[in-house]
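Asks: Below is the file target_32.pdb, with PDB, C-alpha atoms and all ligand atoms.
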```
ATOM      1  CA  MET B   1       7.749 -25.410  17.266  1.00  0.00           C
ATOM      2  CA  ASN B   2       5.058 -27.714  15.900  1.00  0.00           C
ATOM      3  CA  PRO B   3       2.095 -27.361  18.341  1.00  0.00           C
ATOM      4  CA  LYS B   4       1.783 -31.148  18.592  1.00  0.00           C
ATOM      5  CA  GLN B   5       5.417 -31.400  19.612  1.00  0.00           C
ATOM      6  CA  LEU B   6       4.993 -28.557  22.086  1.00  0.00           C
ATOM      7  CA  ALA B   7       2.091 -30.282  23.843  1.00  0.00           C
ATOM      8  CA  GLY B   8       3.489 -33.794  23.494  1.00  0.00           C
ATOM      9  CA  GLU B   9       6.811 -32.917  25.116  1.00  0.00           C
ATOM     10  CA  LYS B  10       5.313 -30.702  27.843  1.00  0.00           C
ATOM     11  CA  ALA B  11       3.261 -33.636  29.120  1.00  0.00           C
ATOM     12  CA  VAL B  12       6.430 -35.546  29.974  1.00  0.00           C
ATOM     13  CA  ASP B  13       6.787 -33.235  33.005  1.00  0.00           C
ATOM     14  CA  TYR B  14       4.217 -35.542  34.641  1.00  0.00           C
ATOM     15  CA  VAL B  15       6.467 -38.607  34.256  1.00  0.00           C
ATOM     16  CA  LYS B  16       8.902 -39.417  37.076  1.00  0.00           C
ATOM     17  CA  SER B  17      11.223 -42.331  37.748  1.00  0.00           C
ATOM     18  CA  GLY B  18       9.501 -45.289  39.370  1.00  0.00           C
ATOM     19  CA  MET B  19       6.204 -44.647  37.608  1.00  0.00           C
ATOM     20  CA  LYS B  20       4.148 -47.032  35.524  1.00  0.00           C
ATOM     21  CA  VAL B  21       3.260 -45.119  32.383  1.00  0.00           C
ATOM     22  CA  GLY B  22       0.662 -45.550  29.635  1.00  0.00           C
ATOM     23  CA  LEU B  23       1.868 -44.516  26.197  1.00  0.00           C
ATOM     24  CA  GLY B  24      -0.680 -43.156  23.748  1.00  0.00           C
ATOM     25  CA  THR B  25      -0.982 -43.437  19.996  1.00  0.00           C
ATOM     26  CA  GLY B  26      -0.914 -40.963  17.133  1.00  0.00           C
ATOM     27  CA  SER B  27       1.105 -38.079  15.789  1.00  0.00           C
ATOM     28  CA  THR B  28       0.962 -36.045  19.030  1.00  0.00           C
ATOM     29  CA  ALA B  29       1.644 -38.924  21.425  1.00  0.00           C
ATOM     30  CA  TYR B  30       4.559 -39.708  19.107  1.00  0.00           C
ATOM     31  CA  PHE B  31       6.372 -36.653  20.459  1.00  0.00           C
ATOM     32  CA  THR B  32       5.627 -37.744  24.023  1.00  0.00           C
ATOM     33  CA  ILE B  33       7.121 -41.170  23.412  1.00  0.00           C
ATOM     34  CA  GLN B  34      10.158 -39.655  21.712  1.00  0.00           C
ATOM     35  CA  GLU B  35      10.772 -37.367  24.696  1.00  0.00           C
ATOM     36  CA  ILE B  36      10.207 -40.156  27.237  1.00  0.00           C
ATOM     37  CA  GLY B  37      12.551 -42.336  25.202  1.00  0.00           C
ATOM     38  CA  ARG B  38      15.190 -39.628  25.112  1.00  0.00           C
ATOM     39  CA  ARG B  39      15.020 -39.197  28.890  1.00  0.00           C
ATOM     40  CA  VAL B  40      15.201 -42.976  29.423  1.00  0.00           C
ATOM     41  CA  LYS B  41      18.184 -43.317  27.143  1.00  0.00           C
ATOM     42  CA  HIS B  42      20.131 -40.193  28.078  1.00  0.00           C
ATOM     43  CA  GLU B  43      18.926 -39.031  31.492  1.00  0.00           C
ATOM     44  CA  GLY B  44      18.338 -42.250  33.408  1.00  0.00           C
ATOM     45  CA  LEU B  45      14.538 -41.976  33.589  1.00  0.00           C
ATOM     46  CA  ASP B  46      13.467 -45.335  35.004  1.00  0.00           C
ATOM     47  CA  ILE B  47       9.865 -46.305  34.196  1.00  0.00           C
ATOM     48  CA  GLU B  48       7.759 -49.274  33.183  1.00  0.00           C
ATOM     49  CA  ALA B  49       5.332 -48.705  30.318  1.00  0.00           C
ATOM     50  CA  ILE B  50       2.339 -50.153  28.512  1.00  0.00           C
ATOM     51  CA  ALA B  51       1.576 -48.927  24.998  1.00  0.00           C
ATOM     52  CA  THR B  52      -1.846 -48.417  23.434  1.00  0.00           C
ATOM     53  CA  SER B  53      -0.815 -49.769  20.026  1.00  0.00           C
ATOM     54  CA  ILE B  54       1.704 -52.007  18.347  1.00  0.00           C
ATOM     55  CA  GLU B  55       3.170 -48.926  16.657  1.00  0.00           C
ATOM     56  CA  SER B  56       3.697 -47.037  19.932  1.00  0.00           C
ATOM     57  CA  GLU B  57       5.194 -50.138  21.551  1.00  0.00           C
ATOM     58  CA  ARG B  58       7.643 -50.458  18.683  1.00  0.00           C
ATOM     59  CA  LEU B  59       8.689 -46.816  19.016  1.00  0.00           C
ATOM     60  CA  ALA B  60       9.163 -47.059  22.791  1.00  0.00           C
ATOM     61  CA  LYS B  61      11.201 -50.243  22.481  1.00  0.00           C
ATOM     62  CA  GLU B  62      13.503 -48.548  19.988  1.00  0.00           C
ATOM     63  CA  TRP B  63      14.465 -46.149  22.778  1.00  0.00           C
ATOM     64  CA  GLY B  64      14.926 -48.949  25.303  1.00  0.00           C
ATOM     65  CA  VAL B  65      11.824 -48.135  27.384  1.00  0.00           C
ATOM     66  CA  LYS B  66      10.965 -51.102  29.619  1.00  0.00           C
ATOM     67  CA  MET B  67       7.637 -52.494  28.384  1.00  0.00           C
ATOM     68  CA  VAL B  68       5.376 -54.582  30.646  1.00  0.00           C
ATOM     69  CA  ASP B  69       1.834 -55.932  30.405  1.00  0.00           C
ATOM     70  CA  PHE B  70      -1.194 -56.113  32.668  1.00  0.00           C
ATOM     71  CA  SER B  71      -0.077 -59.453  34.133  1.00  0.00           C
ATOM     72  CA  GLU B  72       2.867 -57.587  35.677  1.00  0.00           C
ATOM     73  CA  ILE B  73       1.203 -54.430  36.980  1.00  0.00           C
ATOM     74  CA  ASP B  74      -2.252 -53.620  38.362  1.00  0.00           C
ATOM     75  CA  HIS B  75      -2.425 -49.913  37.582  1.00  0.00           C
ATOM     76  CA  LEU B  76      -0.725 -47.104  35.707  1.00  0.00           C
ATOM     77  CA  ASP B  77       0.352 -43.899  37.450  1.00  0.00           C
ATOM     78  CA  VAL B  78       0.033 -41.670  34.431  1.00  0.00           C
ATOM     79  CA  THR B  79      -1.009 -42.050  30.801  1.00  0.00           C
ATOM     80  CA  ILE B  80      -0.376 -39.506  28.064  1.00  0.00           C
ATOM     81  CA  ASP B  81      -2.421 -39.789  24.899  1.00  0.00           C
ATOM     82  CA  GLY B  82      -3.731 -37.699  22.022  1.00  0.00           C
ATOM     83  CA  ALA B  83      -7.320 -36.939  20.988  1.00  0.00           C
ATOM     84  CA  ASP B  84      -9.275 -36.070  17.885  1.00  0.00           C
ATOM     85  CA  GLU B  85     -11.563 -33.674  19.744  1.00  0.00           C
ATOM     86  CA  ALA B  86     -11.771 -32.352  23.296  1.00  0.00           C
ATOM     87  CA  ASP B  87     -14.483 -30.133  24.772  1.00  0.00           C
ATOM     88  CA  ALA B  88     -14.455 -27.786  27.759  1.00  0.00           C
ATOM     89  CA  ASN B  89     -15.495 -30.656  30.096  1.00  0.00           C
ATOM     90  CA  LEU B  90     -12.418 -32.544  28.831  1.00  0.00           C
ATOM     91  CA  ASN B  91     -14.619 -35.169  27.223  1.00  0.00           C
ATOM     92  CA  LEU B  92     -13.029 -36.618  24.112  1.00  0.00           C
ATOM     93  CA  ILE B  93     -13.438 -38.259  20.768  1.00  0.00           C
ATOM     94  CA  LYS B  94     -10.545 -40.630  20.109  1.00  0.00           C
ATOM     95  CA  GLY B  95      -9.780 -43.367  17.627  1.00  0.00           C
ATOM     96  CA  GLY B  96      -8.757 -41.474  14.518  1.00  0.00           C
ATOM     97  CA  GLY B  97      -5.800 -43.837  14.328  1.00  0.00           C
ATOM     98  CA  GLY B  98      -7.913 -46.869  15.210  1.00  0.00           C
ATOM     99  CA  ALA B  99      -6.324 -47.435  18.622  1.00  0.00           C
ATOM    100  CA  LEU B 100      -9.390 -46.599  20.730  1.00  0.00           C
ATOM    101  CA  LEU B 101      -9.944 -49.998  22.366  1.00  0.00           C
ATOM    102  CA  ARG B 102      -6.451 -50.392  23.818  1.00  0.00           C
ATOM    103  CA  GLU B 103      -6.480 -46.678  24.596  1.00  0.00           C
ATOM    104  CA  LYS B 104      -9.655 -47.013  26.641  1.00  0.00           C
ATOM    105  CA  ILE B 105      -8.410 -50.065  28.561  1.00  0.00           C
ATOM    106  CA  VAL B 106      -5.244 -48.140  29.399  1.00  0.00           C
ATOM    107  CA  ALA B 107      -7.227 -45.000  30.275  1.00  0.00           C
ATOM    108  CA  PHE B 108      -9.346 -46.933  32.764  1.00  0.00           C
ATOM    109  CA  ALA B 109      -6.238 -48.454  34.377  1.00  0.00           C
ATOM    110  CA  THR B 110      -4.553 -45.105  34.893  1.00  0.00           C
ATOM    111  CA  LYS B 111      -4.695 -42.873  37.950  1.00  0.00           C
ATOM    112  CA  PHE B 112      -3.857 -39.690  36.053  1.00  0.00           C
ATOM    113  CA  TYR B 113      -4.855 -39.149  32.432  1.00  0.00           C
ATOM    114  CA  VAL B 114      -3.158 -36.461  30.369  1.00  0.00           C
ATOM    115  CA  ILE B 115      -4.320 -35.517  26.878  1.00  0.00           C
ATOM    116  CA  VAL B 116      -2.090 -33.704  24.404  1.00  0.00           C
ATOM    117  CA  ALA B 117      -3.437 -31.945  21.330  1.00  0.00           C
ATOM    118  CA  ASP B 118      -2.981 -29.001  19.028  1.00  0.00           C
ATOM    119  CA  GLU B 119      -5.444 -26.142  19.244  1.00  0.00           C
ATOM    120  CA  ARG B 120      -7.601 -27.365  16.331  1.00  0.00           C
ATOM    121  CA  LYS B 121      -8.791 -30.254  18.523  1.00  0.00           C
ATOM    122  CA  TYR B 122     -10.398 -28.041  21.187  1.00  0.00           C
ATOM    123  CA  VAL B 123     -14.080 -27.687  20.243  1.00  0.00           C
ATOM    124  CA  PRO B 124     -17.274 -26.316  21.841  1.00  0.00           C
ATOM    125  CA  THR B 125     -19.223 -29.519  21.084  1.00  0.00           C
ATOM    126  CA  LEU B 126     -17.966 -32.988  20.132  1.00  0.00           C
ATOM    127  CA  GLY B 127     -19.028 -34.566  16.860  1.00  0.00           C
ATOM    128  CA  ALA B 128     -17.612 -32.763  13.840  1.00  0.00           C
ATOM    129  CA  PHE B 129     -15.005 -35.518  13.845  1.00  0.00           C
ATOM    130  CA  GLY B 130     -16.967 -38.685  13.018  1.00  0.00           C
ATOM    131  CA  LEU B 131     -17.091 -40.974  16.045  1.00  0.00           C
ATOM    132  CA  PRO B 132     -14.907 -44.090  15.606  1.00  0.00           C
ATOM    133  CA  ILE B 133     -16.456 -47.342  16.845  1.00  0.00           C
ATOM    134  CA  GLU B 134     -14.632 -50.676  16.982  1.00  0.00           C
ATOM    135  CA  ILE B 135     -16.775 -53.546  15.679  1.00  0.00           C
ATOM    136  CA  ILE B 136     -16.398 -57.332  15.721  1.00  0.00           C
ATOM    137  CA  PRO B 137     -16.202 -58.614  12.099  1.00  0.00           C
ATOM    138  CA  PHE B 138     -18.768 -61.388  12.734  1.00  0.00           C
ATOM    139  CA  GLY B 139     -22.197 -60.085  11.752  1.00  0.00           C
ATOM    140  CA  TRP B 140     -20.859 -56.588  11.129  1.00  0.00           C
ATOM    141  CA  GLU B 141     -23.690 -55.883   8.672  1.00  0.00           C
ATOM    142  CA  GLU B 142     -26.241 -56.351  11.476  1.00  0.00           C
ATOM    143  CA  THR B 143     -24.158 -54.230  13.844  1.00  0.00           C
ATOM    144  CA  PHE B 144     -24.024 -51.624  11.074  1.00  0.00           C
ATOM    145  CA  ARG B 145     -27.840 -51.570  10.930  1.00  0.00           C
ATOM    146  CA  GLU B 146     -28.136 -51.278  14.724  1.00  0.00           C
ATOM    147  CA  VAL B 147     -25.650 -48.413  14.858  1.00  0.00           C
ATOM    148  CA  THR B 148     -27.400 -46.645  11.986  1.00  0.00           C
ATOM    149  CA  ALA B 149     -30.693 -46.906  13.899  1.00  0.00           C
ATOM    150  CA  LEU B 150     -29.181 -44.687  16.602  1.00  0.00           C
ATOM    151  CA  GLY B 151     -29.352 -41.847  14.112  1.00  0.00           C
ATOM    152  CA  CYS B 152     -25.902 -41.733  12.626  1.00  0.00           C
ATOM    153  CA  THR B 153     -24.326 -42.492   9.284  1.00  0.00           C
ATOM    154  CA  PRO B 154     -21.587 -45.088   9.789  1.00  0.00           C
ATOM    155  CA  LYS B 155     -18.888 -45.794   7.232  1.00  0.00           C
ATOM    156  CA  ARG B 156     -16.627 -48.806   7.502  1.00  0.00           C
ATOM    157  CA  ARG B 157     -13.078 -47.482   7.594  1.00  0.00           C
ATOM    158  CA  GLU B 158     -10.679 -48.274   4.785  1.00  0.00           C
ATOM    159  CA  LYS B 159      -6.977 -47.614   4.408  1.00  0.00           C
ATOM    160  CA  ASN B 160      -5.192 -47.748   1.051  1.00  0.00           C
ATOM    161  CA  GLU B 161      -8.467 -49.011  -0.484  1.00  0.00           C
ATOM    162  CA  GLU B 162      -8.525 -52.015   1.854  1.00  0.00           C
ATOM    163  CA  ILE B 163     -10.655 -52.636   4.931  1.00  0.00           C
ATOM    164  CA  PHE B 164      -8.907 -51.159   7.962  1.00  0.00           C
ATOM    165  CA  ILE B 165      -8.168 -53.806  10.610  1.00  0.00           C
ATOM    166  CA  THR B 166      -7.329 -52.775  14.178  1.00  0.00           C
ATOM    167  CA  ASP B 167      -4.537 -54.197  16.336  1.00  0.00           C
ATOM    168  CA  ASN B 168      -7.301 -56.387  17.833  1.00  0.00           C
ATOM    169  CA  HIS B 169      -8.373 -57.723  14.406  1.00  0.00           C
ATOM    170  CA  ASN B 170     -11.625 -55.774  14.340  1.00  0.00           C
ATOM    171  CA  PHE B 171     -13.250 -53.206  12.019  1.00  0.00           C
ATOM    172  CA  ILE B 172     -13.795 -49.507  12.636  1.00  0.00           C
ATOM    173  CA  PHE B 173     -17.001 -47.666  11.759  1.00  0.00           C
ATOM    174  CA  ASP B 174     -16.676 -43.883  11.565  1.00  0.00           C
ATOM    175  CA  CYS B 175     -20.083 -42.577  12.555  1.00  0.00           C
ATOM    176  CA  ASP B 176     -21.416 -39.140  11.726  1.00  0.00           C
ATOM    177  CA  PHE B 177     -23.871 -38.228  14.506  1.00  0.00           C
ATOM    178  CA  GLY B 178     -23.666 -34.512  13.750  1.00  0.00           C
ATOM    179  CA  LEU B 179     -22.830 -32.502  16.853  1.00  0.00           C
ATOM    180  CA  ILE B 180     -23.209 -34.716  19.928  1.00  0.00           C
ATOM    181  CA  GLU B 181     -25.115 -32.705  22.523  1.00  0.00           C
ATOM    182  CA  ASN B 182     -25.431 -35.620  24.969  1.00  0.00           C
ATOM    183  CA  PRO B 183     -22.331 -37.825  24.702  1.00  0.00           C
ATOM    184  CA  HIS B 184     -23.256 -39.901  27.787  1.00  0.00           C
ATOM    185  CA  ASP B 185     -26.497 -40.926  26.139  1.00  0.00           C
ATOM    186  CA  VAL B 186     -24.762 -41.875  22.872  1.00  0.00           C
ATOM    187  CA  LEU B 187     -22.111 -43.864  24.741  1.00  0.00           C
ATOM    188  CA  GLN B 188     -24.713 -45.768  26.741  1.00  0.00           C
ATOM    189  CA  LYS B 189     -26.702 -46.648  23.620  1.00  0.00           C
ATOM    190  CA  LEU B 190     -23.619 -47.848  21.756  1.00  0.00           C
ATOM    191  CA  GLN B 191     -22.625 -50.028  24.711  1.00  0.00           C
ATOM    192  CA  GLY B 192     -25.984 -51.791  24.394  1.00  0.00           C
ATOM    193  CA  ILE B 193     -25.323 -53.033  20.855  1.00  0.00           C
ATOM    194  CA  PRO B 194     -23.832 -56.537  20.494  1.00  0.00           C
ATOM    195  CA  GLY B 195     -20.816 -56.417  18.192  1.00  0.00           C
ATOM    196  CA  VAL B 196     -19.749 -52.956  19.299  1.00  0.00           C
ATOM    197  CA  VAL B 197     -16.544 -53.555  21.211  1.00  0.00           C
ATOM    198  CA  GLU B 198     -15.885 -49.953  22.156  1.00  0.00           C
ATOM    199  CA  SER B 199     -16.437 -46.395  21.014  1.00  0.00           C
ATOM    200  CA  GLY B 200     -14.135 -43.409  20.815  1.00  0.00           C
ATOM    201  CA  LEU B 201     -16.138 -41.410  23.384  1.00  0.00           C
ATOM    202  CA  PHE B 202     -13.853 -40.982  26.399  1.00  0.00           C
ATOM    203  CA  LEU B 203     -15.996 -39.281  29.036  1.00  0.00           C
ATOM    204  CA  ASP B 204     -15.129 -38.058  32.540  1.00  0.00           C
ATOM    205  CA  LYS B 205     -11.614 -39.507  32.372  1.00  0.00           C
ATOM    206  CA  THR B 206      -9.255 -36.666  31.506  1.00  0.00           C
ATOM    207  CA  ASP B 207      -7.367 -34.942  34.333  1.00  0.00           C
ATOM    208  CA  VAL B 208      -5.384 -32.467  32.255  1.00  0.00           C
ATOM    209  CA  LEU B 209      -5.592 -31.276  28.657  1.00  0.00           C
ATOM    210  CA  ILE B 210      -2.414 -29.753  27.250  1.00  0.00           C
ATOM    211  CA  ILE B 211      -3.009 -27.739  24.092  1.00  0.00           C
ATOM    212  CA  GLY B 212      -0.195 -26.582  21.839  1.00  0.00           C
ATOM    213  CA  ASN B 213      -1.091 -23.352  20.041  1.00  0.00           C
ATOM    214  CA  ASN B 214       0.123 -22.344  16.610  1.00  0.00           C
ATOM    215  CA  ASP B 215       1.779 -19.235  18.073  1.00  0.00           C
ATOM    216  CA  GLY B 216       4.075 -21.428  20.177  1.00  0.00           C
ATOM    217  CA  THR B 217       2.218 -20.996  23.482  1.00  0.00           C
ATOM    218  CA  LEU B 218       0.634 -23.707  25.608  1.00  0.00           C
ATOM    219  CA  LYS B 219      -2.776 -23.814  27.247  1.00  0.00           C
ATOM    220  CA  ILE B 220      -3.189 -26.215  30.145  1.00  0.00           C
ATOM    221  CA  ILE B 221      -6.741 -27.030  31.269  1.00  0.00           C
ATOM    222  CA  GLU B 222      -7.243 -29.022  34.454  1.00  0.00           C
ATOM    223  CA  SER B 223     -10.359 -31.071  35.074  1.00  0.00           C
ATOM    224  CA  LYS B 224     -12.971 -29.724  37.463  1.00  0.00           C
ATOM    225  CA  LYS B 225     -14.063 -33.272  38.355  1.00  0.00           C
TER
HETATM  226  O1  LIG B 301      -6.601 -43.978  17.531  1.00  0.00           O
HETATM  227  C1  LIG B 301      -5.871 -42.999  17.679  1.00  0.00           C
HETATM  228  C2  LIG B 301      -5.850 -42.128  18.845  1.00  0.00           C
HETATM  229  O2  LIG B 301      -7.057 -41.984  19.511  1.00  0.00           O
HETATM  230  C3  LIG B 301      -5.119 -40.815  18.665  1.00  0.00           C
HETATM  231  O3  LIG B 301      -4.652 -40.458  19.927  1.00  0.00           O
HETATM  232  C4  LIG B 301      -5.966 -39.702  18.084  1.00  0.00           C
HETATM  233  O4  LIG B 301      -6.494 -40.115  16.839  1.00  0.00           O
HETATM  234  C5  LIG B 301      -5.173 -38.414  17.901  1.00  0.00           C
HETATM  235  O5  LIG B 301      -4.161 -38.607  16.977  1.00  0.00           O
HETATM  236  P1  LIG B 301      -3.244 -37.428  16.462  1.00  0.00           P
HETATM  237  O6  LIG B 301      -2.462 -36.920  17.627  1.00  0.00           O
HETATM  238  O7  LIG B 301      -2.390 -38.062  15.395  1.00  0.00           O
HETATM  239  O8  LIG B 301      -4.145 -36.376  15.880  1.00  0.00           O
END
```
So, in terms of structure tokens, how does the structure I just supplied come out?

Replies:
Amino acid sequence: MNPKQLAGEKAVDYVKSGMKVGLGTGSTAYFTIQEIGRRVKHEGLDIEAIATSIESERLAKEWGVKMVDFSEIDHLDVTIDGADEADANLNLIKGGGGALLREKIVAFATKFYVIVADERKYVPTLGAFGLPIEIIPFGWEETFREVTALGCTPKRREKNEEIFITDNHNFIFDCDFGLIENPHDVLQKLQGIPGVVESGLFLDKTDVLIIGNNDGTLKIIESKK
């Protein structure tokens, strides 16, 4: 089985009827949503969900998953999402699909945070995958200069030769910091720059990382926090 599917479906073991569930974004979380949807439609799984992107919301609705928003609930019991990189401390780089802002809001609202990934995503040190940062369009050139001054090379993301626009109508910079030895320091510095809405560094949040291996096995790493 595709390692993304293996991990994505395994994570659904954490979802029980009555729960409020955060639905991630990307090609691995896709399999999670499909499996949750299948259980809702065919096995009577009864949940309320919030999605981290318009695309994931659309997919969940197709299956008949009950979607709510943060005016209706004040926490999520479990969220299952993908990642672009994860290290041994279960710190992450996310945002390869541009969904990092909604993903981080959902991650902070959740009591239990599950990450699903294939084995290529598990790395000794974060940073080979350029760090996505969501930027307000106003004054983006100045924000670009400020981000560059932190010691990285940002590139404004494009898709199909057009500027990539997030679900929140912002830009993404993909920033090459090289290997990030101190992610807390980088995160703190980025948070101090006006115009930076959020970065794809998700630190000290993950409870469980489920890795699908190419040989069809699973590796499950629980947080030591
Ligand atoms: O913005 C996108 C998200 O952070 C994704 O969860 C992440 O990029 C991983 O996506 P995929 O499972 O497609 O590699």

Asks: Can I get the residues of chain B within 7 Å of ligand LIG 301 (chain B), each with the closest pair of atoms and their distance in Å to one decimal, using only C-alpha atoms and all ligand atoms, sorted chain first then ascending number, as a tab-separated table?

Replies:
```
residue	atom	partner	partner_atom	distance
B:Gly24	CA	B:LIG301	O3	6.1
B:Thr25	CA	B:LIG301	O3	4.7
B:Gly26	CA	B:LIG301	O7	3.7
B:Ser27	CA	B:LIG301	O7	3.5
B:Thr28	CA	B:LIG301	O6	3.8
B:Ala29	CA	B:LIG301	O6	5.9
B:Asp81	CA	B:LIG301	O3	5.5
B:Gly82	CA	B:LIG301	O3	3.6
B:Ala83	CA	B:LIG301	C5	4.0
B:Asp84	CA	B:LIG301	C5	4.7
B:Lys94	CA	B:LIG301	O2	3.8
B:Gly95	CA	B:LIG301	O1	3.2
B:Gly96	CA	B:LIG301	O4	3.5
B:Gly97	CA	B:LIG301	O1	3.3
B:Gly98	CA	B:LIG301	O1	3.9
B:Ala99	CA	B:LIG301	O1	3.6
B:Leu100	CA	B:LIG301	O1	5.0
B:Glu103	CA	B:LIG301	O2	6.9
B:Ala117	CA	B:LIG301	O6	6.3
```

Asks: As a check of understanding, name the residues that the PyMOL selection byres (((chain B and resi 198) around 6) and not hetatm) selects in the supplied structure, as a VMD selection string.

Replies: chain B and resid 101 133 to 134 196 to 197 199

Asks: Might you spell out which residues the PyMOL selection byres (((chain B and resi 189) around 12) and not hetatm) would select in the displayed file, as number ranges by chain?

Replies: B: 146-151, 182-188, 190-194, 196, 198-199, 201

Asks: Enumerate, in order of chain and increasing residue number, the residues of stretch 6-117 of chain B with an atom no farther than 9 Å from stretch 124-130 of chain B, each with its shortest atom pair and distance in Å to one decimal, counting only C-alpha atoms, as a Markdown table.

Replies:
```
| residue | atom | partner | partner_atom | distance |
| --- | --- | --- | --- | --- |
| B:Asp84 | CA | B:Phe129 | CA | 7.0 |
| B:Glu85 | CA | B:Leu126 | CA | 6.5 |
| B:Ala86 | CA | B:Leu126 | CA | 7.0 |
| B:Asp87 | CA | B:Pro124 | CA | 5.6 |
| B:Ala88 | CA | B:Pro124 | CA | 6.7 |
| B:Asn91 | CA | B:Leu126 | CA | 8.1 |
| B:Leu92 | CA | B:Leu126 | CA | 7.3 |
| B:Ile93 | CA | B:Leu126 | CA | 7.0 |
| B:Gly96 | CA | B:Phe129 | CA | 8.7 |
```

Asks: Against stretch 210-224 of chain B, which residues of stretch 81-171 of chain B fall within 9 Å? For each one I want the closest pair of atoms and the distance in Å (one decimal), counting all atoms listed in the file, rows by chain and increasing residue number, as a tab-separated table.

Replies:
```
residue	atom	partner	partner_atom	distance
B:Ala88	CA	B:Ile221	CA	8.5
B:Asn89	CA	B:Ser223	CA	7.2
B:Leu90	CA	B:Ser223	CA	6.7
B:Val114	CA	B:Ile210	CA	7.4
B:Ile115	CA	B:Ile210	CA	6.1
B:Val116	CA	B:Ile210	CA	4.9
B:Ala117	CA	B:Ile211	CA	5.0
B:Asp118	CA	B:Gly212	CA	4.6
B:Glu119	CA	B:Asn213	CA	5.2
B:Arg120	CA	B:Asn213	CA	8.5
B:Lys121	CA	B:Ile211	CA	8.4
B:Tyr122	CA	B:Ile211	CA	7.9
```
